[in-house]
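**Q** Sharing a structure here in structure tokens format.
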Amino acid sequence: MSFLIARVAADKTLYSFDRLFDYIIPDYLKNDAVPGKRVMIPFGSGNKKRQAMIIDVFESDKAEKLKEISAVLDSEPLLTKELLKLVLSMKDRYYCTYYDAVRTTLPAGLNYKISLAYKINKDLKDIQLNNEQKAVLAAFPKKGEIKQEQLFKKLDIDCESREIIELISMGCIRREETAFRKTGDAFEKMIRLCPDCNTDNLTARRKEVTDLLKNVGAVSVKEVMYYTGVTHSVIDALVKTGVCEYFDKEVFRLPENKYSSDNKEIVLTEDQENAYREMLERYRQSDPCVSLLYGVTGAGKTSVFLKLIETVVNDGKSVIVMVPEIALTPQMVSLFKSKFGSDVAVFHSALSMGERLDEWKRVRKGNAKIAVGTRSAVFAPFENIGLIIMDEEQEYTYKSESSPRYHARETAKLRCVEHKCMLLLSSATPSVESRFNAERGTYYLSRLTKRYGKAVLPEVTVVDMNAEGVDALTTGIGKTLASAVERNLENGEQSILLLNRRGYNTFVSCKTCGGVVTCPNCSISLTYHSANNRLMCHYCGFSMSITDKCLSCGSGTLKFSGSGTQKAEQTLQVLFPRARILRLDADSTLAKQAYEEKLSAFKNGEYDILLGTQMVAKGLDFPKVTLVGVLSADQTMYGRDFRAYERAFSLITQVVGRSGRGERPGRAIIQTFTPENPVIALASAQDYEGFYKSEIPLRRVMEYPPFADICMIGIVSTKENKCKEASSEFAEMLCARINEQCSDLPIRVMGPSPASVYKVNNKYRYKIIIKFHNCKPFRTMLSGVLADFAKDRKYSEVTVYADTDPDNIL
């Protein structure tokens with residue numbers, strides 16, 4: 001006898017136990033249970049209900065001990081064959097469970113939660129019930145089903161009452177596990193005429209409704225009431241008499257976005273046209289490839305790929321455009337919607353779950369051809385992708401910090417292989433790895449060497465803060481920068497000032513004992529925020545009221561040191577009392593649409609000075625900005641990570657590039673205590689090639705990317721000794737397994753050692769660094785070590801994870 005078997009990825013499985021599981025598809029579900037749909041399955045010895053994704057379906061005559069699928073949860077497949085294949089690749093590459101990969105490809109609002117629910121079984125007219133039992137049934141909604149937590153809340157109880165147990169034993173209600181969607185679909189109530197209905201002898205008000213429906217067909221109830229002026233009771237009466245009928249029509253919750261249509265033809269300069277034609281030729285080859293579009297700041301890279309997108313969409317193909325941060329999305333979305341209108345769908349976490357779900361559905365149904373968003377946009381369910389674009393491709397926000405720890409660039413490459421299309425990476429400061437791949441011919445390279453139009457690169461001045469006087473050390477703003485800002489105010493021009501540190505003071509210390517006020521949950525100092533007059537931790541969110549006494553020795557000699565954006569804003573208000581100052585950081589943009597509204601206000605000339613963190617450094621184009629000031633260039637250069645210089649160069653270069661993008665020439669002033677640092681000189685000269693040539697030999701000698709891959713093993717536990725012990729034992733197991741299975745591969749293991757921030761949210765952290773060349777044998781070996789170590793009950797309170805090519809080594 002042959003059985004139809006579904007091979008599924010089950011939710012909530014441990015990594016050590018994770019695999020694909022086989023289930024029998026019962027006859028009544030054979031037409032519905034297909035790959036890409038979610039199902040409910042009985043799992044484990046207790047047959048607890050779980051959701052799962054069907055990866056494959058096949059026939060087999062062996063089905064002993066296999067359980068049956070309980071239900072199919074989706075009306076149509078959510079994942080295409082290509083996305084199912086991507087799930088398998090992510091499992092292999094990112095050391096996650098199969099369902100972790102599945103969940104990542106779907107919008108959050110589509111996920112189901114398996115909960116206990118109660119359902120009314122049958123007609124209860126002939127059953128004798130007491131008042132208490134009737135009260136329980138009265139709490140049920142009309143559909144006769146209610147979640148356990150909702151019923152308990154209505155009845156004001158904490159557990160099943162005697163009446164509920166009695167109703168279950170009487171067969172009046174039943175208790176079962178049911179799948180609930182976190183976010184439902186949105187519907188609009190519609191009305192239409194019933195077939196062969198009789199519209200004679202109707203009242204005048206009812207006839208107005210039927211005449212409207214005869215002319216326009218089906219319309220929403222709201223529209224009927226608006227155009228005829230009738231009340232809801234008139235429409236209800238038409239439905240009750242069989243003249244009309246109600247039905248639901250799905251509607252999409254579209255994100256708010258203000259834009260005006262722009263149908264102008266995109267006109268490119270000669271430099272842009274050459275780059276466009278190079279990339280157009282590669283796109284026309286219909287082979288998977290990667291192109292790097294490198295150009296100076298203000299060169300008009302966006303115009304080039306807008307022209308390319310226009311061509312791809314006209315060919316009937318779809319496009320994914322990724323930007324590195326939520327902060328960049330509103331400006332990008334406005335640009336794309338003005339050009340392509342409703343063909344654009346938006347993907348980013350600032351949207352509500354309903355909006356995210358509906359944008360995803362618009363893509364899946366073919367109602368949108370372009371997906372614009374942050375890294376999650378890489379999973380847009382297009383079936384015919386012609387082009388994927390990553391703007392500012394060097395940015396760290398393209399790397400996921402939670403499982404699966406994927407990089408959008410590598411995931412995009414996998415999709416390009418399946419769709420035989422081009423991945424376009426765009427930046428004024430490409431990652432060292434991407435530039436190296438272009439140099440050796442793995443990527444194609446196109447250049448934009450000139451700024452668009454008449455704009456020229458800004459004149460840059462490097463200011464030695466050691467020579468700016470005592471006042472500059474106190475305020476953080478030297479005489480040179482203050483004078484330039486004052487001149488801009490007099491000329492009616494705008495300025496952007498960068499300080500990549502939020503808050504007021506960055507730490508508080510005691511002059512008596514030397515102690516620093518630290519977070520009780522993390523091994524990091526608290527930052528003073530003047531907006532709420534509290535000390536706050538930027539890692540776990542802990543906050544406490546400001547104190548004037550040392551928590552260690554009790555003395556009243558606390559000293560507030562360091563400067564963040566809040567203090568800089570106050571300083572600017574004192575120095576330039578007539579200036580209109582706008583602060584832009586994570587604290588000032590908490591409200592939805594706040595970032596977009598503030599930037600629009602600055603663009604419209606409502607502010608003179610824009611002060612902010614790295615939010616103001618990239619992707620912004622304000623023609624009236626003629627001055628950029630970097631308040632503290634040294635902050636980003638001396639981090640513990642090997643990419644510290646690269647990030648500092650990119651940030652300074654990018655923010656300097658915001659100046660002089662219009663008709664007026666621009667100027668930039670970089671304040672530093674180490675003006676002799678070559679990174680400062682190279683960034684001020686906008687000399688990316690010079691930086692790359694100085695950086696690549698260091699990477700080669702130190703065996704850092706692109707000459708080796710890096711995998712960081714993170715060991716986390718609430719118990720310090722257990723964490724340290726587990727890290728040592730894992731390192732021993734890893735080295736032994738390398739010698740057994742990968743002795744022929746070049747692998748270097750360093751550590752274990754404490755993380756730079758040793759404790760976060762009361763969890764201690766150790767790390768092990770592996771330098772290697774990423775290949776299937778290594779991944780198989782490491783996956784086995786992770787799974788075997790997780791089975792050791794001695795370390796049940798320890799979490800171990802692997803992060804390939806982490807953006808930041810802990």
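How things are named: the first chain in the structure tokens is A, the next is B, and so on; residues count from 1 in each chain; ligands count from 1 in the order shown.
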List as a Markdown table every residue of stretch 336-445 of chain A that is in contact with stretch 701-715 of chain A, defined as an atom at most 10 Å from one of its atoms (using only C-alpha atoms), together with the nearest atom pair and the distance in Å rounded to one decimal, sorted by chain and then rising number.
**A**
```
| residue | atom | partner | partner_atom | distance |
| --- | --- | --- | --- | --- |
| A:Ser431 | CA | A:Pro706 | CA | 9.8 |
| A:Val432 | CA | A:Pro706 | CA | 7.4 |
| A:Glu433 | CA | A:Pro706 | CA | 5.0 |
| A:Ser434 | CA | A:Pro706 | CA | 8.5 |
| A:Arg435 | CA | A:Pro706 | CA | 9.6 |
| A:Phe436 | CA | A:Pro706 | CA | 7.2 |
| A:Asn437 | CA | A:Pro706 | CA | 8.3 |
```
**Q** With all heavy atoms retained, could you export that selection as a tab-separated table (two decimals), in the first residue's frame?
**A**
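Output contents, as saved in out.tsv:
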```tsv
chain	number	residue	atom	x	y	z
A	431	SER	N	32.49	47.91	1.19
A	431	SER	CA	33.23	47.09	2.15
A	431	SER	C	34.53	46.62	1.52
A	431	SER	O	34.62	46.46	0.30
A	431	SER	CB	32.38	45.88	2.57
A	431	SER	OG	32.17	45.02	1.47
A	432	VAL	N	35.53	46.42	2.35
A	432	VAL	CA	36.83	45.96	1.85
A	432	VAL	C	36.66	44.63	1.10
A	432	VAL	O	37.30	44.41	0.06
A	432	VAL	CB	37.83	45.81	3.01
A	432	VAL	CG1	39.11	45.12	2.55
A	432	VAL	CG2	38.15	47.18	3.61
A	433	GLU	N	35.79	43.76	1.61
A	433	GLU	CA	35.56	42.46	0.96
A	433	GLU	C	35.00	42.63	-0.45
A	433	GLU	O	35.45	41.97	-1.40
A	433	GLU	CB	34.59	41.62	1.80
A	433	GLU	CG	35.15	41.20	3.15
A	433	GLU	CD	34.83	42.17	4.27
A	433	GLU	OE1	34.75	43.39	4.00
A	433	GLU	OE2	34.64	41.72	5.40
A	434	SER	N	34.03	43.53	-0.61
A	434	SER	CA	33.42	43.73	-1.94
A	434	SER	C	34.42	44.35	-2.91
A	434	SER	O	34.49	43.95	-4.08
A	434	SER	CB	32.18	44.63	-1.82
A	434	SER	OG	31.15	43.96	-1.12
A	435	ARG	N	35.20	45.32	-2.44
A	435	ARG	CA	36.20	45.94	-3.33
A	435	ARG	C	37.25	44.92	-3.74
A	435	ARG	O	37.71	44.92	-4.90
A	435	ARG	CB	36.85	47.13	-2.60
A	435	ARG	CG	37.88	47.87	-3.46
A	435	ARG	CD	37.23	48.50	-4.67
A	435	ARG	NE	38.23	49.13	-5.53
A	435	ARG	CZ	38.89	48.50	-6.50
A	435	ARG	NH1	38.68	47.19	-6.70
A	435	ARG	NH2	39.76	49.13	-7.23
A	436	PHE	N	37.64	44.03	-2.84
A	436	PHE	CA	38.61	42.99	-3.15
A	436	PHE	C	38.04	42.02	-4.19
A	436	PHE	O	38.74	41.62	-5.13
A	436	PHE	CB	39.00	42.23	-1.88
A	436	PHE	CG	39.98	41.11	-2.10
A	436	PHE	CD1	41.32	41.38	-2.29
A	436	PHE	CD2	39.56	39.80	-2.13
A	436	PHE	CE1	42.24	40.36	-2.51
A	436	PHE	CE2	40.46	38.76	-2.33
A	436	PHE	CZ	41.80	39.04	-2.52
A	437	ASN	N	36.77	41.65	-4.03
A	437	ASN	CA	36.14	40.76	-5.01
A	437	ASN	C	36.06	41.39	-6.39
A	437	ASN	O	36.17	40.71	-7.41
A	437	ASN	CB	34.75	40.36	-4.52
A	437	ASN	CG	34.78	39.28	-3.46
A	437	ASN	OD1	35.65	38.41	-3.48
A	437	ASN	ND2	33.86	39.35	-2.51
```
**Q** Just want the 9 Å neighbourhood of stretch 479-492 of chain A, counted on only C-alpha atoms, with same-chain residues fewer than 2 positions away dropped. Output as a ChimeraX atom specification.
**A** /A:463,468-469,471-472,477,494-495,575-576,578-579,608-609,624,626-627,629,631,667,669-671
**Q** Which distance in Å separates atom CA of A:Leu698 and atom CA of A:Thr636, to one decimal?
**A**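 Between atom CA of A:Leu698 and atom CA of A:Thr636 the gap is 18.7 Å.
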**Q** Using only C-alpha atoms, can you tell me which of A:Phe642, A:Phe730, A:Phe542, A:Phe247 comes closest to A:Tyr766?
**A**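 Of the candidates, the smallest distance to A:Tyr766 is held by A:Phe730.
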**Q** Using DSSP secondary structure from the backbone, list all helix (DSSP H, G or I) positions within stretch 233-350 of chain A, as an MDAnalysis selection string.
**A** chainID A and resid 233:240 270:284 301:314 326:343
